[in-house]
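Trainee: Dropping in start09.csv, which is CSV, C-alpha atoms and all ligand atoms:
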```csv
chain,number,residue,atom,x,y,z
V,1374,MET,CA,-25.3,7.4,-33.4
V,1375,LYS,CA,-24.5,4.4,-31.3
V,1376,ASN,CA,-21.0,3.7,-32.4
V,1377,ILE,CA,-19.7,2.9,-29.0
V,1378,TRP,CA,-18.3,-0.7,-29.3
V,1379,THR,CA,-14.8,-0.1,-30.3
V,1380,PRO,CA,-12.9,-3.1,-29.1
V,1381,TRP,CA,-9.9,-2.3,-31.2
V,1382,ARG,CA,-9.5,0.8,-29.1
V,1383,MET,CA,-9.9,-0.9,-25.8
V,1384,GLU,CA,-6.9,-0.5,-23.6
V,1385,TYR,CA,-6.6,-2.9,-20.7
V,1386,ILE,CA,-3.5,-4.0,-19.0
V,1387,GLU,CA,-0.8,-2.0,-20.6
V,1388,LYS,CA,2.3,-3.9,-19.8
V,1389,GLU,CA,4.4,-4.8,-22.8
V,1390,THR,CA,5.3,-8.5,-22.7
V,1391,GLN,CA,6.6,-11.1,-25.1
V,1392,ASP,CA,7.7,-13.7,-22.6
V,1393,SER,CA,5.1,-16.1,-21.1
V,1394,ASP,CA,6.8,-15.6,-17.7
V,1395,ASP,CA,5.7,-12.0,-17.8
V,1396,CYS,CA,2.4,-12.6,-19.4
V,1397,ILE,CA,-0.5,-11.1,-17.5
V,1398,PHE,CA,-2.6,-14.3,-18.0
V,1399,GLU,CA,0.0,-16.3,-16.1
V,1400,ALA,CA,-0.6,-14.2,-12.9
V,1401,GLY,CA,-1.6,-16.1,-9.9
V,1402,LYS,CA,-0.2,-19.3,-11.4
V,1403,GLY,CA,-0.9,-22.4,-9.2
V,1404,LYS,CA,-3.9,-20.6,-7.6
V,1405,ASP,CA,-7.5,-20.9,-8.4
V,1406,HIS,CA,-8.0,-17.2,-7.6
V,1407,GLU,CA,-5.9,-14.2,-6.6
V,1408,LYS,CA,-7.3,-10.8,-5.7
V,1409,GLU,CA,-4.1,-8.9,-6.3
V,1410,SER,CA,-4.0,-9.9,-10.0
V,1411,LEU,CA,-7.8,-9.9,-10.2
V,1412,LEU,CA,-7.8,-13.6,-11.1
V,1413,LEU,CA,-11.3,-14.9,-10.5
V,1414,TYR,CA,-10.9,-18.4,-11.8
V,1415,ARG,CA,-8.3,-20.9,-12.9
V,1416,ASP,CA,-8.5,-24.5,-13.9
V,1417,ALA,CA,-6.5,-26.6,-16.2
V,1418,LEU,CA,-8.1,-25.2,-19.3
V,1419,THR,CA,-9.2,-21.6,-18.7
V,1420,VAL,CA,-8.4,-18.5,-16.7
V,1421,ILE,CA,-10.7,-15.5,-16.0
V,1422,PHE,CA,-9.6,-12.1,-14.9
V,1423,LEU,CA,-11.4,-8.9,-14.2
V,1424,ASN,CA,-10.0,-6.3,-16.6
V,1425,ARG,CA,-8.0,-3.8,-14.5
V,1426,PHE,CA,-8.9,-1.1,-17.0
V,1427,PRO,CA,-12.5,-2.0,-17.7
V,1428,TYR,CA,-14.6,-0.7,-20.5
V,1429,ALA,CA,-17.5,-1.3,-18.2
V,1430,ASN,CA,-18.0,-2.5,-14.7
V,1431,GLY,CA,-17.6,-6.3,-14.7
V,1432,HIS,CA,-15.5,-6.4,-17.8
V,1433,LEU,CA,-14.0,-9.9,-17.9
V,1434,LEU,CA,-11.0,-11.4,-19.8
V,1435,ILE,CA,-11.4,-15.1,-20.5
V,1436,ALA,CA,-8.3,-17.0,-21.8
V,1437,PRO,CA,-7.0,-20.5,-22.2
V,1438,THR,CA,-4.7,-21.4,-19.3
V,1439,ASN,CA,-2.1,-22.3,-21.9
V,1440,HIS,CA,-0.1,-19.5,-23.4
V,1441,ILE,CA,-1.4,-19.6,-26.9
V,1442,SER,CA,-1.6,-16.8,-29.4
V,1443,ASP,CA,-3.2,-18.5,-32.4
V,1444,ILE,CA,-6.8,-19.7,-32.2
V,1445,SER,CA,-6.0,-22.6,-34.5
V,1446,GLY,CA,-3.6,-23.8,-31.8
V,1447,LEU,CA,-6.5,-24.5,-29.3
V,1448,GLN,CA,-7.1,-28.1,-28.4
V,1449,ASP,CA,-10.8,-29.2,-28.7
V,1450,ALA,CA,-11.1,-29.4,-24.9
V,1451,GLU,CA,-9.7,-25.8,-24.5
V,1452,ASN,CA,-12.0,-24.6,-27.3
V,1453,LYS,CA,-15.1,-26.1,-25.6
V,1454,ALA,CA,-14.0,-24.9,-22.1
V,1455,LEU,CA,-13.5,-21.3,-23.3
V,1456,PHE,CA,-17.0,-21.1,-24.7
V,1457,ASP,CA,-18.4,-22.9,-21.6
V,1458,MET,CA,-16.7,-20.3,-19.4
V,1459,ILE,CA,-18.1,-17.4,-21.5
V,1460,ARG,CA,-21.5,-18.8,-21.0
V,1461,GLU,CA,-21.0,-19.3,-17.2
V,1462,SER,CA,-19.5,-15.8,-16.9
V,1463,VAL,CA,-22.5,-14.2,-18.7
V,1464,ALA,CA,-24.8,-16.1,-16.2
V,1465,ILE,CA,-22.8,-14.8,-13.2
V,1466,LEU,CA,-22.7,-11.2,-14.5
V,1467,LYS,CA,-26.4,-11.3,-15.2
V,1468,LYS,CA,-27.1,-12.5,-11.7
V,1469,HIS,CA,-25.0,-9.8,-10.0
V,1470,LYS,CA,-25.1,-6.9,-12.4
V,1471,ALA,CA,-28.4,-7.2,-14.3
V,1472,PRO,CA,-27.0,-5.9,-17.6
V,1473,ASP,CA,-29.3,-5.3,-20.5
V,1474,GLY,CA,-26.8,-6.9,-22.9
V,1475,PHE,CA,-23.2,-8.0,-23.5
V,1476,ASN,CA,-20.4,-7.5,-26.0
V,1477,ILE,CA,-18.3,-10.6,-26.3
V,1478,GLY,CA,-15.3,-10.4,-28.5
V,1479,LEU,CA,-11.8,-11.5,-29.4
V,1480,ASN,CA,-9.0,-9.4,-30.9
V,1481,LEU,CA,-6.4,-11.6,-32.7
V,1482,GLY,CA,-3.1,-10.0,-33.4
V,1483,THR,CA,-1.8,-6.5,-32.8
V,1484,VAL,CA,-3.2,-5.2,-36.0
V,1485,ALA,CA,-6.7,-6.1,-34.7
V,1486,GLY,CA,-6.1,-4.3,-31.5
V,1487,ALA,CA,-5.0,-7.1,-29.2
V,1488,GLY,CA,-3.0,-5.5,-26.4
V,1489,HIS,CA,-1.6,-9.0,-25.5
V,1490,PRO,CA,-1.3,-10.7,-28.9
V,1491,ASP,CA,0.8,-13.5,-27.5
V,1492,HIS,CA,-2.0,-14.9,-25.3
V,1493,LEU,CA,-5.4,-15.0,-26.9
V,1494,HIS,CA,-8.3,-13.9,-24.7
V,1495,PHE,CA,-12.0,-13.1,-25.0
V,1496,HIS,CA,-13.6,-9.9,-23.7
V,1497,VAL,CA,-16.9,-10.1,-22.0
V,1498,VAL,CA,-18.4,-6.7,-21.4
V,1499,PRO,CA,-21.7,-6.2,-19.7
V,1500,ARG,CA,-23.8,-3.3,-21.2
V,1501,TRP,CA,-26.7,-1.3,-19.9
V,1502,GLU,CA,-29.3,0.7,-21.7
V,1503,GLY,CA,-28.0,4.2,-22.0
V,1504,ASP,CA,-24.5,3.4,-20.8
V,1505,HIS,CA,-23.0,5.4,-23.6
V,1506,ASN,CA,-24.1,8.4,-21.6
V,1507,PHE,CA,-21.9,7.3,-18.8
V,1508,MET,CA,-18.6,7.0,-20.4
V,1509,ALA,CA,-17.2,9.7,-18.2
V,1510,VAL,CA,-18.4,7.8,-15.1
V,1511,LEU,CA,-16.9,4.5,-16.5
V,1512,ALA,CA,-13.6,6.3,-17.3
V,1513,GLU,CA,-13.6,7.3,-13.6
V,1514,VAL,CA,-13.6,3.6,-12.7
V,1515,ARG,CA,-10.2,3.3,-14.2
V,1516,THR,CA,-8.7,5.4,-11.5
V,1517,ILE,CA,-10.6,4.0,-8.6
V,1518,PRO,CA,-9.3,0.5,-8.0
V,1519,GLU,CA,-11.6,-0.2,-5.0
V,1520,HIS,CA,-14.6,-0.4,-7.4
V,1521,ILE,CA,-12.9,-3.2,-9.2
V,1522,GLU,CA,-12.0,-4.9,-5.9
V,1523,ASN,CA,-15.7,-4.6,-4.9
V,1524,THR,CA,-16.7,-6.3,-8.1
V,1525,PHE,CA,-14.1,-8.9,-7.6
V,1526,ASP,CA,-15.5,-9.7,-4.1
V,1527,LEU,CA,-19.0,-9.8,-5.5
V,1528,LEU,CA,-18.2,-12.2,-8.3
V,1529,LEU,CA,-15.6,-14.5,-6.7
V,1530,PRO,CA,-18.0,-16.7,-4.7
V,1531,ASP,CA,-19.8,-17.7,-7.9
V,1532,PHE,CA,-16.6,-18.5,-9.7
V,1533,GLN,CA,-15.5,-20.6,-6.7
V,1534,GLU,CA,-18.8,-22.4,-6.7
V,1535,LEU,CA,-18.3,-23.0,-10.4
V,1536,LEU,CA,-14.9,-24.5,-9.8
V,1537,LYS,CA,-16.3,-26.7,-7.1
V,1538,SER,CA,-19.1,-27.9,-9.3
V,1539,LYS,CA,-16.6,-29.0,-11.9
V,1540,GLY,CA,-14.9,-31.2,-9.3
V,1541,ILE,CA,-11.6,-29.6,-9.9
V,1542,HIS,CA,-8.9,-30.0,-7.3
V,1543,GLU,CA,-5.7,-28.2,-6.9
V,1544,SER,CA,-3.8,-31.1,-8.4
V,1545,ASN,CA,-5.4,-30.3,-11.8
V,1546,TYR,CA,-3.5,-27.1,-12.4
Q,1601,ZN,ZN,0.3,-16.2,-21.4
```
Go ahead and express the file in the form of structure tokens.
Mentor:
Amino acid sequence: MKNIWTPWRMEYIEKETQDSDDCIFEAGKGKDHEKESLLLYRDALTVIFLNRFPYANGHLLIAPTNHISDISGLQDAENKALFDMIRESVAILKKHKAPDGFNIGLNLGTVAGAGHPDHLHFHVVPRWEGDHNFMAVLAEVRTIPEHIENTFDLLLPDFQELLKSKGIHESNY
């Protein structure tokens, strides 16, 4: 029995919002990172947050910078940038966390389990052999914010490096 990937049950940031001003993916607007909101990366096309209520340590949320709910509303550049950032994020997590695998997924619409249906976002969840034995431990992470902050500090330099490598300057977002 290895029925442990249940993205439709994943809770993350539980704030109810409709309005883009309140949208969690708009946090840290105008900044390329912000620890308070766990924003690891922002450019004109994509944002990356550490999930405040992670399914596993290093659980990332990757979204278009634009407040878009429908995948068919993505521009080609956004579409490409999202997948590029998924690839880059996997590389960064591999480097720092040495996971044995990943779950990467997207919940579209409330019926599919999206907690924030108004702003589409991918989940990138690192997985380790036997981690289903550690659900209690992982659950504990939810209540210990400093674990998440440590992970933020660990991953941020690589995302900053990535931003620099793309030659993106503040005027771009
Ligand atoms: Zn939004």
Trainee: Which residues sit within 7 Å of ligand ZN 1601 (chain Q), counting only C-alpha atoms and all ligand atoms, listed as a list in words?
Mentor: Ser1393, Cys1396, Ile1397, Phe1398, Glu1399, Asn1439, His1440, Ile1441, Asp1491 and His1492 of chain V
Trainee: Select, from V:Leu1527, V:Ala1464, V:Leu1447, V:Leu1479, the residue with the minimum atom-to-atom distance to His1496 of chain V, counting only C-alpha atoms.
Mentor: V:Leu1479
Trainee: Return the single residue from V:Asp1473, V:Glu1522, V:Asp1395, V:Asp1405 that is closest to Leu1418 of chain V, with distances computed using all atoms listed in the file.
Mentor: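 Of V:Asp1473, V:Glu1522, V:Asp1395, V:Asp1405, the one nearest Leu1418 of chain V, counting all atoms listed in the file, is V:Asp1405.
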Trainee: What is the atom CA of Leu1528 of chain V to atom CA of Asp1443 of chain V distance in Å?
Mentor: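 Rounded to one decimal, the two atoms are 29.1 Å apart.
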Trainee: Lys1467 of chain V: which residues within 12 Å, counting all atoms listed in the file, same-chain residues fewer than 2 positions away excluded, as a list in words?
Mentor: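 Counting only the stated atoms, we get Gly1431, Arg1460, Glu1461, Ser1462, Val1463, Ala1464, Ile1465, His1469, Lys1470, Ala1471, Pro1472, Asp1473, Gly1474, Phe1475, Val1497, Val1498, Pro1499, Arg1500, Trp1501, Leu1528 and Asp1531 of chain V.
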Trainee: Quick one, how far is atom CA of Asn1476 of chain V from atom CA of Leu1434 of chain V?
Mentor: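 One can read the atom CA of Asn1476 of chain V to atom CA of Leu1434 of chain V distance as 11.9 Å.
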